[in-house]
Amino acid sequence: MREIHCDQITDTVARLCIDACYNLPADVVSALHQALQAESSPVGQEILRQLLANADIARQGEFPLCQDTGYTVVFLELGQDVHIVGGDLQQCIAAGVRRGYRAGYLRGSVVAQPYAQRSNTRDNTPPILHTQIVPGDRLKIAVLPKGGGSENMSCLKMLPPAAGRQGVIDFVVKCVDEAGANSCPPLIVGVGVGGTAEYAMLLAKEALLRDVGRPSANPEDAALEAELLERINKLGIGPQGLGGNVTALAVHVNSHPCHMASLPVAVNLQCHSARHKEAVL
């Protein structure tokens, strides 16, 4: 049994929050450069150049990439041979988010009483926490600050099984089309297929953690990703919704077995500021 102290977890989460909001991951930067070469619209090209310049300014000046520094979603892979000491794991993570958002001068975007007063918690807590128990004696922490504009365009549909693969494609493309400019394209499109309603949504969000454009290890999912990306980029929405042939940088599909009477499909869109950072303790 290996012990990990809560103070180390808090320090790590605080650092990841700041790093994620200041520094666009290298895979996203590379995808934006590729998009610039692929985009045929002069307006779209200029937008992509500005996005790349924005990433440079944020990195060099230690500024947030976007004024919406997101609702902090944290994914944990907790080794079954790890013992957390020094405090409650959930509270340690919340403390890290609180410290990171204050130290990094990041906007607090979380409101309590969601259907009533909606008063701001002022420190971006509580975070959303997803924990998976895995073999081993390590703790993997992935921080995903999720902006409101793209999150608001999430979709879930319980398709009839007879809808099949084509039904999945039609629904995902419709979701992106109806989102238009609201989700700040060019996008990474996370798709979850199967499981149950809530698990399909989790699959879609987890898909956003994959390196941009890296195909699924499942050949059927990889083929679906390629077809969806082609269909989505033919919509003509383009960068920031001003027209062009690069509406999405990538489509990432995660699938899971489901009930024989169901075909859940979830879509979670990520804006061009596709921020996430991870660490292993």
# chains A, B, ... in the order shown; residues from 1 in each chain; ligands from 1

$ residues_around --residues "Thr72 (chain A)" --least-positions-apart "6" --cutoff "12 Å" --atoms "only C-alpha atoms" --output "VMD selection string"
chain A and resid 13 to 14 16 to 18 20 to 21 93 to 94 96 to 98 100 to 101 106 to 110 123 to 130 142 to 148 275 to 277

$ select_by_dssp --residues "region 2-225 of chain A" --states "alpha helix (DSSP H)" --output "number ranges by chain"
A: 6-22, 26-38, 42-61, 89-103, 148-151, 164-179, 197-206, 219-225

$ closest_residue --among "A:Val85, A:Leu281, A:Leu203, A:Cys92" --to "Val265 (chain A)" --atoms "only C-alpha atoms"
A:Leu203

$ closest_residue --among "A:Pro264, A:Pro25, A:Pro114, A:Gly44" --to "Ala200 (chain A)" --atoms "only C-alpha atoms"
A:Pro264

$ closest_atom_pairs --of "region 149-224 of chain A" --to "region 240-262 of chain A" --cutoff "7 Å" --atoms "only C-alpha atoms" --output "JSON lines"
{"residue": "A:Met158", "atom": "CA", "partner": "A:Ser262", "partner_atom": "CA", "distance": 6.7}
{"residue": "A:Leu159", "atom": "CA", "partner": "A:Ser262", "partner_atom": "CA", "distance": 6.7}
{"residue": "A:Pro160", "atom": "CA", "partner": "A:Ser262", "partner_atom": "CA", "distance": 6.0}
{"residue": "A:Pro161", "atom": "CA", "partner": "A:Ser262", "partner_atom": "CA", "distance": 5.7}
{"residue": "A:Gly180", "atom": "CA", "partner": "A:Gly241", "partner_atom": "CA", "distance": 6.1}
{"residue": "A:Ala181", "atom": "CA", "partner": "A:Gly241", "partner_atom": "CA", "distance": 4.2}
{"residue": "A:Cys184", "atom": "CA", "partner": "A:Gln240", "partner_atom": "CA", "distance": 5.2}
{"residue": "A:Pro185", "atom": "CA", "partner": "A:Gln240", "partner_atom": "CA", "distance": 4.9}
{"residue": "A:Pro186", "atom": "CA", "partner": "A:Ala248", "partner_atom": "CA", "distance": 4.7}
{"residue": "A:Leu187", "atom": "CA", "partner": "A:Ala248", "partner_atom": "CA", "distance": 4.3}
{"residue": "A:Ile188", "atom": "CA", "partner": "A:Ala250", "partner_atom": "CA", "distance": 5.1}
{"residue": "A:Val189", "atom": "CA", "partner": "A:Val251", "partner_atom": "CA", "distance": 4.6}
{"residue": "A:Gly190", "atom": "CA", "partner": "A:His252", "partner_atom": "CA", "distance": 5.1}
{"residue": "A:Val191", "atom": "CA", "partner": "A:Val253", "partner_atom": "CA", "distance": 4.7}
{"residue": "A:Gly192", "atom": "CA", "partner": "A:Asn254", "partner_atom": "CA", "distance": 5.0}
{"residue": "A:Val193", "atom": "CA", "partner": "A:Ser255", "partner_atom": "CA", "distance": 4.6}
{"residue": "A:Gly194", "atom": "CA", "partner": "A:His256", "partner_atom": "CA", "distance": 4.8}
{"residue": "A:Gly195", "atom": "CA", "partner": "A:Cys258", "partner_atom": "CA", "distance": 4.4}
{"residue": "A:Thr196", "atom": "CA", "partner": "A:Cys258", "partner_atom": "CA", "distance": 6.7}
{"residue": "A:Leu203", "atom": "CA", "partner": "A:Asn254", "partner_atom": "CA", "distance": 5.7}
{"residue": "A:Ala204", "atom": "CA", "partner": "A:Asn254", "partner_atom": "CA", "distance": 6.6}
{"residue": "A:Ala207", "atom": "CA", "partner": "A:His252", "partner_atom": "CA", "distance": 5.6}
{"residue": "A:Leu208", "atom": "CA", "partner": "A:His252", "partner_atom": "CA", "distance": 7.0}
{"residue": "A:Val212", "atom": "CA", "partner": "A:Ala250", "partner_atom": "CA", "distance": 6.2}
{"residue": "A:Gly213", "atom": "CA", "partner": "A:Ala250", "partner_atom": "CA", "distance": 5.1}
{"residue": "A:Ser216", "atom": "CA", "partner": "A:Val253", "partner_atom": "CA", "distance": 6.9}
{"residue": "A:Asp221", "atom": "CA", "partner": "A:Val253", "partner_atom": "CA", "distance": 5.9}

$ write_last_selection --atoms "N, CA and C atoms" --output "compact mmCIF listing (two decimals), in the first residue's frame"
# COMPACT_ATOMS: atom_id res chain seq x y z
N MET A 158 -31.72 9.28 -26.88
CA MET A 158 -31.91 7.84 -26.73
C MET A 158 -32.53 7.34 -28.04
N LEU A 159 -31.68 6.95 -28.96
CA LEU A 159 -32.15 6.51 -30.27
C LEU A 159 -32.74 5.11 -30.18
N PRO A 160 -33.69 4.80 -31.05
CA PRO A 160 -34.12 3.40 -31.16
C PRO A 160 -33.01 2.58 -31.79
N PRO A 161 -32.79 1.36 -31.36
CA PRO A 161 -31.70 0.55 -31.92
C PRO A 161 -31.74 0.47 -33.44
N GLY A 180 -23.99 25.78 -34.22
CA GLY A 180 -23.48 26.89 -35.02
C GLY A 180 -22.25 27.52 -34.41
N ALA A 181 -22.30 28.85 -34.26
CA ALA A 181 -21.16 29.59 -33.72
C ALA A 181 -21.14 29.59 -32.21
N CYS A 184 -18.11 28.16 -30.29
CA CYS A 184 -16.79 28.70 -30.61
C CYS A 184 -15.92 27.75 -31.42
N PRO A 185 -16.36 27.38 -32.64
CA PRO A 185 -15.52 26.53 -33.48
C PRO A 185 -14.27 27.25 -33.95
N PRO A 186 -13.23 26.46 -34.35
CA PRO A 186 -13.23 25.02 -34.62
C PRO A 186 -13.25 24.18 -33.35
N LEU A 187 -13.95 23.07 -33.43
CA LEU A 187 -14.30 22.26 -32.27
C LEU A 187 -13.51 20.97 -32.18
N ILE A 188 -13.49 20.41 -30.99
CA ILE A 188 -13.25 18.98 -30.81
C ILE A 188 -14.60 18.42 -30.40
N VAL A 189 -15.09 17.43 -31.12
CA VAL A 189 -16.42 16.88 -30.89
C VAL A 189 -16.27 15.55 -30.15
N GLY A 190 -16.69 15.54 -28.89
CA GLY A 190 -16.68 14.31 -28.11
C GLY A 190 -18.00 13.59 -28.27
N VAL A 191 -17.95 12.31 -28.59
CA VAL A 191 -19.16 11.51 -28.81
C VAL A 191 -19.11 10.27 -27.94
N GLY A 192 -20.18 10.03 -27.20
CA GLY A 192 -20.32 8.81 -26.42
C GLY A 192 -21.48 8.00 -26.97
N VAL A 193 -21.23 6.74 -27.25
CA VAL A 193 -22.28 5.87 -27.80
C VAL A 193 -22.38 4.63 -26.93
N GLY A 194 -23.59 4.36 -26.42
CA GLY A 194 -23.81 3.15 -25.64
C GLY A 194 -23.90 3.41 -24.16
N GLY A 195 -23.87 2.33 -23.39
CA GLY A 195 -24.02 2.43 -21.95
C GLY A 195 -25.45 2.80 -21.59
N THR A 196 -25.59 3.76 -20.69
CA THR A 196 -26.87 4.31 -20.28
C THR A 196 -26.85 5.81 -20.55
N LEU A 203 -18.89 9.33 -21.31
CA LEU A 203 -18.02 8.86 -22.39
C LEU A 203 -17.68 10.02 -23.34
N ALA A 204 -18.67 10.84 -23.65
CA ALA A 204 -18.45 11.96 -24.57
C ALA A 204 -17.47 12.96 -23.99
N ALA A 207 -13.90 11.66 -23.90
CA ALA A 207 -13.29 11.64 -25.23
C ALA A 207 -12.50 12.92 -25.50
N LEU A 208 -12.84 14.01 -24.82
CA LEU A 208 -12.15 15.28 -25.04
C LEU A 208 -10.73 15.28 -24.48
N VAL A 212 -5.69 15.46 -29.66
CA VAL A 212 -6.55 15.87 -30.76
C VAL A 212 -6.19 15.13 -32.05
N GLY A 213 -7.18 14.47 -32.61
CA GLY A 213 -7.01 13.77 -33.88
C GLY A 213 -6.46 12.38 -33.78
N SER A 216 -9.43 6.50 -32.44
CA SER A 216 -9.77 5.50 -31.44
C SER A 216 -9.03 4.20 -31.74
N ASP A 221 -14.96 2.49 -34.21
CA ASP A 221 -15.08 3.86 -33.71
C ASP A 221 -14.21 4.81 -34.53

$ atom_distance --atom1 "CA of Ser150 (chain A)" --atom2 "CA of Ala95 (chain A)"
25.9 Å

$ atom_distance --atom1 "CA of Leu228 (chain A)" --atom2 "CA of Ile169 (chain A)"
6.3 Å
